[in-house]
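In what follows, a structure is listed as structure tokens, so that the remarks can point back to it.
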Amino acid sequence: MQQFDNASAGDIVLSLADRIIENRAYLSEIDGKIGDGDHGVNMAKGFGMAADRIRGNDMSLASAFDTLGTVLMTEIGGSMGPLYGIMFTQFAETIEASPSIGADTFGAMLGSGLEGIQTIGSAKVGDKTLLDALVPAIEAFNGANAAGKPFADALDAMAAAAEQGRDSTRDLVARIGRASRLGERSVGVLDAGATSCALILATLASGAKQKLLKSATAGH
């Protein structure tokens, strides 16, 4: 059974919030090297506020993504709030009419999140931003899915590619945002957005895999 219920998967977003909050100091430390050092604080604040609204409300994955996206877009500062906010609200819109989430729906969801980010930002792969993690992750997921690999394997491919993409930012010169003023001095440091994006995608992958396992067990 290579799909899971949308209705019972809102808690995946709570695990995203836990992971971001756990890594708050780490994300701000990375950001402090070439940015303004508030990435972890802002992200933890936004994800924490969203988690408070989701917890105990038995939300679908779509509703939980929508709650998170809205909080990030409207209630936290920094450059990343709107970018992640639009990504998660696009995720929500893409899956809200789907009772169950299979690999094709999941792939469409990722793609529309990326499109949302691209409508408000001009960054591209190689500019040392979250896209350096997100774009290869989506390509890896879609590639595995197109090759007929199981949904869980495509999720693993996505998480691995996101981490490789994150690591690739260490050698890049920042071209966008505050860090771009440092030019060559931005080399040697991971990008904070790519780092948080890799965390989000890895946590999303493991949450979805747990749901797949549950629905497979329930199907027997």
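Chain labels follow the order of the structure tokens: the first chain is A, the next B, and so on; residue numbering restarts at 1 in every chain, and ligands are counted from 1 in their shown order.
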
Near Leu61 (chain A), counting only C-alpha atoms, which residues have an atom at most 9 Å away, once you skip same-chain residues fewer than 3 positions from it, shown as a PyMOL selection string? chain A and resi 5-13+64-66+92+95-96

Quick one: everything within 10 Å of Asp38 (chain A), counting only C-alpha atoms, minus sequence neighbours fewer than 4 positions away in the same chain. Send it as a list in words. Arg24, Ala25, Leu27, Ser28, Glu29, Ile30, Asp31, Gly32, Asn42, Met43, Ala44, Gly77, Gly78 and Ala192 of chain A

Have a look at CA of Ser63 (chain A) and CA of Met109 (chain A) and let me know their distance in Å, one decimal.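 For CA of Ser63 (chain A) relative to CA of Met109 (chain A), the distance reads 13.7 Å.
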
Find the residues around Ile20 (chain A) up to 9 Å (only C-alpha atoms counted), leave out those fewer than 5 positions away in its own chain, and share them as a list in words. Ser15, Leu27, Gly40, Met43, Ala44, Phe47, Gly48, Ser196, Leu199 and Ile200 of chain A

A:Gln118, A:Leu213, A:Val187, A:Gly111 ranked by distance to Ile138 (chain A), top pick (using only C-alpha atoms):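 Closest to Ile138 (chain A), using only C-alpha atoms: A:Gly111.
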
Interatomic distance (Å, one decimal) between CA of Ile34 (chain A) and CA of Glu184 (chain A):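 Result for CA of Ile34 (chain A) versus CA of Glu184 (chain A): 11.0 Å, one decimal.
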
Can you pull out every residue within 9 Å of Thr67 (chain A), counting only C-alpha atoms, but drop anything in the same chain fewer than 5 positions away, and send it as a count of residues only? 9

Given the choices A:Val125, A:Leu134, A:Ala140, A:Ile101, which gets closest to Ala194 (chain A) if the distance is worked out from only C-alpha atoms?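 When distances to Ala194 (chain A) are compared using only C-alpha atoms, the smallest one comes from A:Leu134.
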